[in-house]
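S.K.: Next up is a structure, given as C-alpha coordinates.
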Amino acid sequence: MSFPKKLVILGATGSIGTSTLRVIRKHPEKLKLIGISAYQSAEKLFSIAHDFKVSKIHLHQPSSKSIELPIGCELSHGNQGLLDLAACEEADIVLIAVVGAAGLAPTLSALQAGKDVVLANKESLVVGGELVMETARQNGARIIPADSEHNAVFQCLQGQPDNALESLALTASGGPFRDWPLDELPNASPKEALQHPNWDMGPKITVDSATMANKGLELIEAKWLFNLPADKLAVLIHPPSLVHAIVRFVDGCSFAQLSPPCMTFALQNALLFPERVSGVETGLDLSSAFELSFFPPDLQRYPCLKLAQDALKSGSTAPLVFNAANEMAVESFLSNRIGFAEISHIIDFTLNTFDHRKAETLEDLLALDHRARELAKQKVSQIA
(Lines give C-alpha, C1' and ligand atoms only; values in the text may rest on other atoms or scores of the structure.)
Protein backbone atom coordinates (compact mmCIF):
# COMPACT_ATOMS: atom_id res chain seq x y z
CA MET A 1 0.00 0.00 0.00
CA SER A 2 1.36 3.40 -0.97
CA PHE A 3 1.55 6.45 1.27
CA PRO A 4 -0.23 8.46 2.39
CA LYS A 5 -2.82 5.97 3.54
CA LYS A 6 -6.32 7.43 3.35
CA LEU A 7 -7.98 7.10 6.75
CA VAL A 8 -11.54 7.26 8.08
CA ILE A 9 -12.02 7.59 11.85
CA LEU A 10 -15.37 6.54 13.30
CA GLY A 11 -15.48 8.10 16.76
CA ALA A 12 -13.07 10.93 16.02
CA THR A 13 -13.90 13.13 19.02
CA GLY A 14 -13.25 10.54 21.75
CA SER A 15 -10.00 9.67 23.48
CA ILE A 16 -8.93 7.18 20.76
CA GLY A 17 -9.75 9.67 18.04
CA THR A 18 -7.80 12.40 19.82
CA SER A 19 -4.74 10.14 20.13
CA THR A 20 -5.03 9.20 16.46
CA LEU A 21 -5.01 12.86 15.43
CA ARG A 22 -1.69 13.21 17.24
CA VAL A 23 -0.28 10.35 15.15
CA ILE A 24 -1.53 12.01 11.95
CA ARG A 25 0.03 15.35 12.94
CA LYS A 26 3.33 13.56 13.56
CA HIS A 27 3.23 11.76 10.20
CA PRO A 28 1.17 13.78 7.68
CA GLU A 29 3.13 12.21 4.84
CA LYS A 30 1.97 8.74 5.97
CA LEU A 31 -1.70 9.33 6.83
CA LYS A 32 -4.37 11.48 5.21
CA LEU A 33 -7.64 11.91 7.07
CA ILE A 34 -10.57 11.84 4.62
CA GLY A 35 -13.58 10.98 6.83
CA ILE A 36 -14.64 11.41 10.46
CA SER A 37 -17.67 10.72 12.60
CA ALA A 38 -19.00 11.60 16.05
CA TYR A 39 -22.19 10.88 17.91
CA GLN A 40 -23.15 14.43 18.87
CA SER A 41 -20.00 16.54 19.43
CA ALA A 42 -20.66 18.78 16.44
CA GLU A 43 -18.37 21.67 17.34
CA LYS A 44 -15.37 19.43 17.98
CA LEU A 45 -16.08 17.35 14.87
CA PHE A 46 -16.30 20.41 12.62
CA SER A 47 -13.09 21.76 14.13
CA ILE A 48 -11.27 18.53 13.24
CA ALA A 49 -12.71 18.70 9.72
CA HIS A 50 -11.40 22.25 9.35
CA ASP A 51 -7.92 21.50 10.76
CA PHE A 52 -7.37 18.38 8.65
CA LYS A 53 -9.32 19.49 5.57
CA VAL A 54 -11.63 16.47 5.83
CA SER A 55 -14.17 16.06 3.03
CA LYS A 56 -16.64 13.61 4.61
CA ILE A 57 -18.12 14.06 8.08
CA HIS A 58 -20.87 12.20 9.88
CA LEU A 59 -22.74 13.54 12.91
CA HIS A 60 -25.05 10.81 14.15
CA GLN A 61 -27.41 13.17 15.93
CA PRO A 62 -28.00 16.50 14.17
CA SER A 63 -26.88 19.45 16.28
CA SER A 64 -29.45 21.90 17.66
CA LYS A 65 -26.78 24.62 17.51
CA SER A 66 -26.06 26.65 14.42
CA ILE A 67 -22.50 25.62 13.57
CA GLU A 68 -20.98 26.55 10.24
CA LEU A 69 -20.05 23.52 8.14
CA PRO A 70 -16.47 23.65 6.82
CA ILE A 71 -16.32 24.53 3.12
CA GLY A 72 -16.29 21.54 0.80
CA CYS A 73 -17.53 19.03 3.40
CA GLU A 74 -20.23 16.43 2.88
CA LEU A 75 -22.34 15.99 6.05
CA SER A 76 -24.45 12.92 6.84
CA HIS A 77 -26.61 11.81 9.77
CA GLY A 78 -28.16 8.62 11.11
CA ASN A 79 -27.30 4.93 10.91
CA GLN A 80 -27.05 4.61 7.14
CA GLY A 81 -24.75 7.60 6.88
CA LEU A 82 -22.37 5.96 9.36
CA LEU A 83 -22.39 2.68 7.44
CA ASP A 84 -21.74 4.51 4.18
CA LEU A 85 -18.78 6.34 5.70
CA ALA A 86 -17.38 3.05 7.04
CA ALA A 87 -17.47 1.67 3.50
CA CYS A 88 -16.05 4.86 1.93
CA GLU A 89 -14.66 3.89 -1.48
CA GLU A 90 -11.56 6.11 -1.22
CA ALA A 91 -10.51 4.83 2.22
CA ASP A 92 -7.54 2.51 2.69
CA ILE A 93 -8.08 2.10 6.43
CA VAL A 94 -11.09 2.54 8.72
CA LEU A 95 -10.44 3.06 12.42
CA ILE A 96 -13.42 1.89 14.49
CA ALA A 97 -13.37 3.89 17.74
CA VAL A 98 -17.13 3.98 18.31
CA VAL A 99 -18.04 3.18 21.92
CA GLY A 100 -19.91 -0.03 22.77
CA ALA A 101 -21.98 -2.45 20.72
CA ALA A 102 -22.84 0.40 18.33
CA GLY A 103 -19.49 -0.34 16.69
CA LEU A 104 -20.58 -3.73 15.32
CA ALA A 105 -22.59 -2.59 12.29
CA PRO A 106 -19.98 -0.11 10.94
CA THR A 107 -17.23 -2.68 11.52
CA LEU A 108 -19.12 -5.15 9.34
CA SER A 109 -19.80 -2.44 6.75
CA ALA A 110 -16.09 -1.61 6.45
CA LEU A 111 -15.11 -5.29 6.22
CA GLN A 112 -17.78 -6.01 3.60
CA ALA A 113 -16.22 -3.21 1.53
CA GLY A 114 -12.84 -4.96 1.83
CA LYS A 115 -11.28 -2.25 3.98
CA ASP A 116 -8.48 -2.81 6.45
CA VAL A 117 -10.05 -2.24 9.86
CA VAL A 118 -8.03 -0.89 12.76
CA LEU A 119 -10.22 -2.06 15.62
CA ALA A 120 -10.40 -0.02 18.81
CA ASN A 121 -13.92 -1.26 19.58
CA LYS A 122 -13.67 -4.54 21.45
CA GLU A 123 -17.45 -4.90 21.64
CA SER A 124 -17.66 -5.67 17.90
CA LEU A 125 -15.95 -9.00 18.51
CA VAL A 126 -17.60 -9.57 21.88
CA VAL A 127 -21.07 -9.23 20.38
CA GLY A 128 -20.49 -10.67 16.92
CA GLY A 129 -17.10 -12.36 16.89
CA GLU A 130 -17.93 -15.23 14.55
CA LEU A 131 -19.78 -12.98 12.09
CA VAL A 132 -17.03 -10.34 12.11
CA MET A 133 -14.18 -12.80 11.54
CA GLU A 134 -16.07 -14.62 8.78
CA THR A 135 -16.94 -11.31 7.08
CA ALA A 136 -13.27 -10.32 7.11
CA ARG A 137 -12.25 -13.68 5.65
CA GLN A 138 -14.84 -13.62 2.88
CA ASN A 139 -13.87 -10.11 1.77
CA GLY A 140 -10.09 -10.42 2.09
CA ALA A 141 -10.02 -7.65 4.71
CA ARG A 142 -7.57 -7.38 7.60
CA ILE A 143 -8.43 -6.65 11.22
CA ILE A 144 -5.52 -4.99 13.02
CA PRO A 145 -6.10 -4.56 16.76
CA ALA A 146 -5.60 -1.09 18.23
CA ASP A 147 -6.22 -1.81 21.92
CA SER A 148 -2.85 -1.64 23.64
CA GLU A 149 -3.07 -5.23 24.89
CA HIS A 150 -4.17 -6.85 21.65
CA ASN A 151 -1.82 -4.75 19.59
CA ALA A 152 0.97 -5.93 21.90
CA VAL A 153 0.09 -9.55 21.14
CA PHE A 154 -0.13 -8.68 17.43
CA GLN A 155 3.39 -7.25 17.57
CA CYS A 156 4.79 -10.27 19.43
CA LEU A 157 3.38 -12.66 16.84
CA GLN A 158 4.98 -11.02 13.81
CA GLY A 159 7.34 -13.42 12.06
CA GLN A 160 6.15 -16.42 14.09
CA PRO A 161 4.70 -19.61 12.56
CA ASP A 162 0.91 -19.93 12.72
CA ASN A 163 1.12 -22.89 15.11
CA ALA A 164 3.68 -21.30 17.48
CA LEU A 165 1.28 -19.60 19.93
CA GLU A 166 0.52 -21.55 23.10
CA SER A 167 -1.18 -19.01 25.39
CA LEU A 168 -1.22 -15.32 26.27
CA ALA A 169 -1.75 -13.01 29.21
CA LEU A 170 -3.23 -9.54 29.02
CA THR A 171 -2.13 -7.09 31.69
CA ALA A 172 -4.25 -4.70 33.75
CA SER A 173 -3.35 -1.88 36.12
CA GLY A 174 -6.05 -3.00 38.55
CA GLY A 175 -7.78 0.37 38.28
CA PRO A 176 -8.34 3.03 40.95
CA PHE A 177 -9.70 0.57 43.53
CA ARG A 178 -6.86 -1.95 43.37
CA ASP A 179 -5.79 -1.27 46.95
CA TRP A 180 -9.12 -0.27 48.51
CA PRO A 181 -10.47 -2.36 51.41
CA LEU A 182 -13.12 -4.69 50.00
CA ASP A 183 -15.79 -3.46 52.41
CA GLU A 184 -15.41 0.10 51.08
CA LEU A 185 -15.97 -0.77 47.40
CA PRO A 186 -19.79 -0.55 47.55
CA ASN A 187 -19.40 3.12 48.54
CA ALA A 188 -17.19 4.05 45.57
CA SER A 189 -18.55 7.06 43.69
CA PRO A 190 -18.52 7.71 39.92
CA LYS A 191 -16.00 10.50 40.50
CA GLU A 192 -13.65 8.09 42.28
CA ALA A 193 -14.15 5.39 39.64
CA LEU A 194 -13.10 7.85 36.93
CA GLN A 195 -9.69 8.51 38.54
CA HIS A 196 -7.64 5.96 36.60
CA PRO A 197 -4.05 5.72 37.88
CA ASN A 198 -2.35 5.40 34.46
CA TRP A 199 -4.60 5.93 31.44
CA ASP A 200 -6.61 8.88 30.12
CA MET A 201 -9.78 7.33 28.66
CA GLY A 202 -13.48 8.01 28.20
CA PRO A 203 -15.88 7.57 31.16
CA LYS A 204 -17.36 4.21 30.15
CA ILE A 205 -14.07 2.39 29.62
CA THR A 206 -12.60 4.03 32.75
CA VAL A 207 -15.40 2.56 34.88
CA ASP A 208 -14.88 -0.76 33.07
CA SER A 209 -11.25 -0.58 34.14
CA ALA A 210 -12.31 -0.02 37.75
CA THR A 211 -14.52 -3.15 37.66
CA MET A 212 -12.14 -4.96 35.28
CA ALA A 213 -15.08 -5.70 33.01
CA ASN A 214 -12.86 -4.22 30.29
CA LYS A 215 -10.31 -6.96 30.82
CA GLY A 216 -13.05 -9.57 30.57
CA LEU A 217 -14.19 -8.04 27.28
CA GLU A 218 -10.58 -8.07 26.09
CA LEU A 219 -10.27 -11.79 26.86
CA ILE A 220 -13.32 -12.44 24.68
CA GLU A 221 -11.87 -10.23 21.94
CA ALA A 222 -8.55 -12.09 22.17
CA LYS A 223 -10.30 -15.43 21.66
CA TRP A 224 -11.46 -14.27 18.22
CA LEU A 225 -8.37 -12.34 17.19
CA PHE A 226 -5.87 -15.06 18.11
CA ASN A 227 -7.99 -18.22 17.94
CA LEU A 228 -7.33 -19.42 21.48
CA PRO A 229 -9.68 -21.21 23.92
CA ALA A 230 -10.62 -19.71 27.28
CA ASP A 231 -8.11 -21.81 29.24
CA LYS A 232 -5.23 -20.33 27.21
CA LEU A 233 -6.20 -16.71 27.99
CA ALA A 234 -5.19 -15.08 31.26
CA VAL A 235 -5.12 -11.71 33.02
CA LEU A 236 -2.27 -10.39 35.16
CA ILE A 237 -2.33 -7.30 37.38
CA HIS A 238 0.63 -5.13 36.43
CA PRO A 239 0.33 -1.78 38.27
CA PRO A 240 2.70 0.40 36.16
CA SER A 241 1.08 -0.55 32.81
CA LEU A 242 4.41 -0.85 30.99
CA VAL A 243 4.02 -4.44 29.78
CA HIS A 244 0.80 -4.71 27.78
CA ALA A 245 0.75 -8.42 27.02
CA ILE A 246 2.88 -11.54 27.41
CA VAL A 247 2.81 -14.22 24.72
CA ARG A 248 3.92 -17.77 25.48
CA PHE A 249 4.99 -20.02 22.63
CA VAL A 250 4.80 -23.81 22.39
CA ASP A 251 8.53 -24.14 23.13
CA GLY A 252 8.07 -22.42 26.52
CA CYS A 253 9.61 -19.09 25.49
CA SER A 254 7.68 -15.90 26.18
CA PHE A 255 7.67 -12.50 24.47
CA ALA A 256 6.41 -9.28 26.06
CA GLN A 257 5.73 -5.88 24.52
CA LEU A 258 6.62 -2.79 26.57
CA SER A 259 5.79 0.89 26.11
CA PRO A 260 4.56 3.75 28.31
CA PRO A 261 0.80 3.89 29.03
CA CYS A 262 -0.15 6.06 26.07
CA MET A 263 -2.42 4.96 23.20
CA THR A 264 -0.34 6.60 20.47
CA PHE A 265 2.11 3.67 20.55
CA ALA A 266 -0.51 0.99 19.71
CA LEU A 267 -2.42 3.24 17.31
CA GLN A 268 0.65 4.20 15.31
CA ASN A 269 1.71 0.57 15.04
CA ALA A 270 -1.73 -0.46 13.81
CA LEU A 271 -2.19 2.42 11.37
CA LEU A 272 1.28 2.27 9.80
CA PHE A 273 1.82 -1.50 9.97
CA PRO A 274 4.20 -2.97 8.91
CA GLU A 275 6.31 0.19 8.85
CA ARG A 276 7.97 1.57 12.00
CA VAL A 277 8.86 5.26 12.23
CA SER A 278 9.54 7.70 15.07
CA GLY A 279 6.79 7.79 17.66
CA VAL A 280 4.65 10.62 18.98
CA GLU A 281 5.82 10.01 22.53
CA THR A 282 9.23 9.01 23.90
CA GLY A 283 9.56 5.31 24.67
CA LEU A 284 10.71 3.78 27.94
CA ASP A 285 13.86 5.19 29.50
CA LEU A 286 15.90 2.02 29.91
CA SER A 287 18.67 3.90 31.72
CA SER A 288 16.40 4.37 34.75
CA ALA A 289 15.24 1.61 37.06
CA PHE A 290 11.62 0.49 36.80
CA GLU A 291 9.66 -2.37 38.30
CA LEU A 292 7.96 -5.17 36.38
CA SER A 293 5.67 -6.83 38.91
CA PHE A 294 2.77 -9.15 38.07
CA PHE A 295 0.16 -10.94 40.16
CA PRO A 296 -3.19 -12.63 39.48
CA PRO A 297 -6.40 -10.64 39.96
CA ASP A 298 -8.52 -11.17 43.08
CA LEU A 299 -11.87 -12.23 41.63
CA GLN A 300 -13.62 -11.29 44.87
CA ARG A 301 -12.49 -7.71 44.23
CA TYR A 302 -13.34 -7.94 40.51
CA PRO A 303 -16.55 -10.00 40.16
CA CYS A 304 -17.20 -8.51 36.71
CA LEU A 305 -14.01 -10.15 35.44
CA LYS A 306 -15.19 -13.52 36.77
CA LEU A 307 -18.58 -13.07 35.07
CA ALA A 308 -16.84 -12.25 31.78
CA GLN A 309 -14.60 -15.32 32.07
CA ASP A 310 -17.67 -17.48 32.69
CA ALA A 311 -19.39 -15.91 29.66
CA LEU A 312 -16.32 -16.66 27.53
CA LYS A 313 -16.40 -20.30 28.61
CA SER A 314 -20.17 -20.57 28.02
CA GLY A 315 -19.92 -19.12 24.53
CA SER A 316 -23.07 -18.74 22.42
CA THR A 317 -24.71 -15.41 23.25
CA ALA A 318 -23.32 -15.15 26.79
CA PRO A 319 -20.59 -12.63 25.80
CA LEU A 320 -23.21 -10.49 24.01
CA VAL A 321 -25.43 -10.51 27.10
CA PHE A 322 -22.50 -9.72 29.39
CA ASN A 323 -21.62 -6.69 27.28
CA ALA A 324 -25.21 -5.41 26.99
CA ALA A 325 -25.83 -5.72 30.72
CA ASN A 326 -22.51 -4.11 31.54
CA GLU A 327 -23.21 -1.13 29.27
CA MET A 328 -26.59 -0.55 30.92
CA ALA A 329 -25.16 -0.99 34.42
CA VAL A 330 -22.25 1.41 33.84
CA GLU A 331 -24.59 4.00 32.34
CA SER A 332 -26.81 3.69 35.43
CA PHE A 333 -23.82 3.95 37.78
CA LEU A 334 -22.51 7.08 36.06
CA SER A 335 -25.95 8.68 36.41
CA ASN A 336 -26.01 7.78 40.14
CA ARG A 337 -28.97 5.40 39.81
CA ILE A 338 -27.08 2.40 41.22
CA GLY A 339 -24.01 1.83 43.38
CA PHE A 340 -20.65 0.52 42.23
CA ALA A 341 -21.15 -3.00 43.63
CA GLU A 342 -24.49 -3.30 41.86
CA ILE A 343 -22.84 -3.23 38.43
CA SER A 344 -21.84 -6.88 38.82
CA HIS A 345 -25.24 -7.79 40.33
CA ILE A 346 -27.04 -6.50 37.24
CA ILE A 347 -24.71 -8.39 34.90
CA ASP A 348 -25.11 -11.60 36.92
CA PHE A 349 -28.90 -11.29 36.95
CA THR A 350 -29.09 -10.65 33.20
CA LEU A 351 -26.77 -13.54 32.32
CA ASN A 352 -28.74 -15.99 34.47
CA THR A 353 -32.19 -14.79 33.37
CA PHE A 354 -31.59 -14.42 29.63
CA ASP A 355 -32.87 -17.06 27.23
CA HIS A 356 -29.65 -17.76 25.33
CA ARG A 357 -30.01 -18.76 21.70
CA LYS A 358 -27.83 -18.89 18.61
CA ALA A 359 -27.64 -15.80 16.40
CA GLU A 360 -26.11 -15.80 12.92
CA THR A 361 -27.02 -12.46 11.33
CA LEU A 362 -26.50 -8.84 12.35
CA GLU A 363 -30.25 -8.46 12.78
CA ASP A 364 -30.37 -11.47 15.12
CA LEU A 365 -27.48 -10.12 17.17
CA LEU A 366 -29.00 -6.65 17.48
CA ALA A 367 -32.36 -8.11 18.52
CA LEU A 368 -30.71 -10.20 21.24
CA ASP A 369 -28.64 -7.21 22.34
CA HIS A 370 -31.84 -5.14 22.68
CA ARG A 371 -33.53 -7.90 24.69
CA ALA A 372 -30.58 -8.17 27.07
CA ARG A 373 -30.55 -4.39 27.60
CA GLU A 374 -34.26 -4.38 28.41
CA LEU A 375 -33.71 -7.14 30.96
CA ALA A 376 -30.85 -5.20 32.55
CA LYS A 377 -32.98 -2.03 32.62
CA GLN A 378 -35.69 -3.89 34.51
CA LYS A 379 -33.17 -4.91 37.16
CA VAL A 380 -31.86 -1.32 37.40
CA SER A 381 -35.43 -0.08 37.93
CA GLN A 382 -35.88 -2.55 40.79
CA ILE A 383 -32.70 -1.32 42.46
CA ALA A 384 -32.92 2.43 41.78
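Naming scheme: A, B, ... for chains in displayed order of the C-alpha coordinates; residues 1 onward per chain; ligands 1 onward as shown.
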Where in region 226-335 of chain A does DSSP assign alpha helix (DSSP H), given as a VMD selection string?
M.R.: chain A and resid 226 264 to 272 303 to 314 318 to 334
S.K.: Using N, CA and C atoms, can you export the residues from the last selection as a short mmCIF file (atom, residue, chain, number, x, y, z; two decimals), in the first residue's frame?
M.R.:
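File produced: selection.cif:
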```
data_model
loop_
_atom_site.label_atom_id
_atom_site.label_comp_id
_atom_site.auth_asym_id
_atom_site.auth_seq_id
_atom_site.Cartn_x
_atom_site.Cartn_y
_atom_site.Cartn_z
N PHE A 226 -7.04 -14.18 18.09
CA PHE A 226 -5.87 -15.06 18.11
C PHE A 226 -6.23 -16.54 18.17
N THR A 264 -0.96 6.29 21.76
CA THR A 264 -0.34 6.60 20.47
C THR A 264 0.59 5.49 20.00
N PHE A 265 1.20 4.74 20.93
CA PHE A 265 2.11 3.67 20.55
C PHE A 265 1.36 2.57 19.78
N ALA A 266 0.26 2.06 20.36
CA ALA A 266 -0.51 0.99 19.71
C ALA A 266 -1.18 1.49 18.44
N LEU A 267 -1.73 2.71 18.48
CA LEU A 267 -2.42 3.24 17.31
C LEU A 267 -1.48 3.44 16.14
N GLN A 268 -0.30 3.99 16.40
CA GLN A 268 0.65 4.20 15.31
C GLN A 268 1.08 2.87 14.71
N ASN A 269 1.32 1.88 15.56
CA ASN A 269 1.71 0.57 15.04
C ASN A 269 0.63 -0.01 14.15
N ALA A 270 -0.63 0.11 14.58
CA ALA A 270 -1.73 -0.46 13.81
C ALA A 270 -1.95 0.29 12.50
N LEU A 271 -1.89 1.61 12.55
CA LEU A 271 -2.19 2.42 11.37
C LEU A 271 -1.09 2.35 10.31
N LEU A 272 0.16 2.25 10.75
CA LEU A 272 1.28 2.27 9.80
C LEU A 272 1.85 0.88 9.52
N PRO A 303 -15.57 -8.99 40.58
CA PRO A 303 -16.55 -10.00 40.16
C PRO A 303 -16.96 -9.87 38.69
N CYS A 304 -16.86 -8.67 38.13
CA CYS A 304 -17.20 -8.51 36.71
C CYS A 304 -16.24 -9.29 35.82
N LEU A 305 -14.98 -9.37 36.20
CA LEU A 305 -14.01 -10.15 35.44
C LEU A 305 -14.38 -11.62 35.48
N LYS A 306 -14.78 -12.11 36.65
CA LYS A 306 -15.19 -13.52 36.77
C LYS A 306 -16.42 -13.80 35.90
N LEU A 307 -17.38 -12.89 35.89
CA LEU A 307 -18.58 -13.07 35.07
C LEU A 307 -18.22 -13.10 33.58
N ALA A 308 -17.28 -12.26 33.18
CA ALA A 308 -16.84 -12.25 31.78
C ALA A 308 -16.13 -13.55 31.42
N GLN A 309 -15.30 -14.05 32.32
CA GLN A 309 -14.60 -15.32 32.07
C GLN A 309 -15.61 -16.46 31.93
N ASP A 310 -16.63 -16.44 32.78
CA ASP A 310 -17.67 -17.48 32.69
C ASP A 310 -18.43 -17.36 31.37
N ALA A 311 -18.70 -16.12 30.93
CA ALA A 311 -19.39 -15.91 29.66
C ALA A 311 -18.54 -16.40 28.50
N LEU A 312 -17.24 -16.18 28.57
CA LEU A 312 -16.32 -16.66 27.53
C LEU A 312 -16.37 -18.17 27.45
N LYS A 313 -16.36 -18.85 28.59
CA LYS A 313 -16.40 -20.30 28.61
C LYS A 313 -17.75 -20.84 28.12
N SER A 314 -18.82 -20.13 28.44
CA SER A 314 -20.17 -20.57 28.02
C SER A 314 -20.37 -20.42 26.53
N ALA A 318 -23.68 -15.64 25.46
CA ALA A 318 -23.32 -15.15 26.79
C ALA A 318 -22.42 -13.91 26.74
N PRO A 319 -21.39 -13.85 25.88
CA PRO A 319 -20.59 -12.63 25.80
C PRO A 319 -21.41 -11.41 25.38
N LEU A 320 -22.33 -11.59 24.44
CA LEU A 320 -23.21 -10.49 24.01
C LEU A 320 -24.03 -9.98 25.19
N VAL A 321 -24.59 -10.89 25.96
CA VAL A 321 -25.43 -10.51 27.10
C VAL A 321 -24.59 -9.83 28.17
N PHE A 322 -23.41 -10.36 28.42
CA PHE A 322 -22.50 -9.72 29.39
C PHE A 322 -22.26 -8.27 28.99
N ASN A 323 -21.94 -8.04 27.73
CA ASN A 323 -21.62 -6.69 27.28
C ASN A 323 -22.83 -5.76 27.39
N ALA A 324 -24.00 -6.24 26.94
CA ALA A 324 -25.21 -5.41 26.99
C ALA A 324 -25.55 -5.03 28.42
N ALA A 325 -25.51 -6.00 29.32
CA ALA A 325 -25.83 -5.72 30.72
C ALA A 325 -24.81 -4.79 31.35
N ASN A 326 -23.55 -4.98 31.00
CA ASN A 326 -22.51 -4.11 31.54
C ASN A 326 -22.69 -2.67 31.07
N GLU A 327 -23.01 -2.49 29.78
CA GLU A 327 -23.21 -1.13 29.27
C GLU A 327 -24.36 -0.44 30.00
N MET A 328 -25.46 -1.15 30.22
CA MET A 328 -26.59 -0.55 30.92
C MET A 328 -26.25 -0.27 32.37
N ALA A 329 -25.51 -1.17 33.01
CA ALA A 329 -25.16 -0.99 34.42
C ALA A 329 -24.20 0.19 34.61
N VAL A 330 -23.21 0.30 33.73
CA VAL A 330 -22.25 1.41 33.84
C VAL A 330 -22.95 2.74 33.60
N GLU A 331 -23.83 2.78 32.61
CA GLU A 331 -24.59 4.00 32.34
C GLU A 331 -25.41 4.40 33.57
N SER A 332 -26.00 3.42 34.24
CA SER A 332 -26.81 3.69 35.43
C SER A 332 -25.94 4.13 36.60
N PHE A 333 -24.76 3.55 36.72
CA PHE A 333 -23.82 3.95 37.78
C PHE A 333 -23.35 5.39 37.57
N LEU A 334 -23.00 5.74 36.35
CA LEU A 334 -22.51 7.08 36.06
C LEU A 334 -23.59 8.15 36.27
#
```
S.K.: Tell me which of A:Gly252, A:Gly114, A:Pro260, A:Gly35 sits closest to Leu168 (chain A), counting only C-alpha atoms.
M.R.: A:Gly252
S.K.: Would you please work out which residue, of A:Asp369, A:Glu149, A:Glu123, A:Glu43, is nearest to Thr317 (chain A) when using only C-alpha atoms?
M.R.: A:Asp369
S.K.: In Å to one decimal, how far is CA of Ala256 (chain A) from CA of Leu119 (chain A)?
M.R.: 20.9 Å
S.K.: Let me make sure I understand: among A:Leu95, A:Ser335, A:Ala12, A:Ala38, which one has the smallest atom-to-atom distance to Pro203 (chain A) if we use only C-alpha atoms?
M.R.: A:Ser335
S.K.: Pick out the closest residue to Asp231 (chain A) from this set: A:Ser167, A:Gln382, A:Thr135, A:Thr206. Count only C-alpha atoms.
M.R.: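 The answer is A:Ser167, which sits nearest to Asp231 (chain A).
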S.K.: Excluding same-chain residues fewer than 5 positions from region 55-64 of chain A, what lies within 6 Å of it counting only C-alpha atoms, as a list in words?
M.R.: Ile34, Gly35, Ile36, Ser37, Ala38, Tyr39, Gln40, Cys73, Glu74, Leu75, Ser76, His77 and Gly78 of chain A
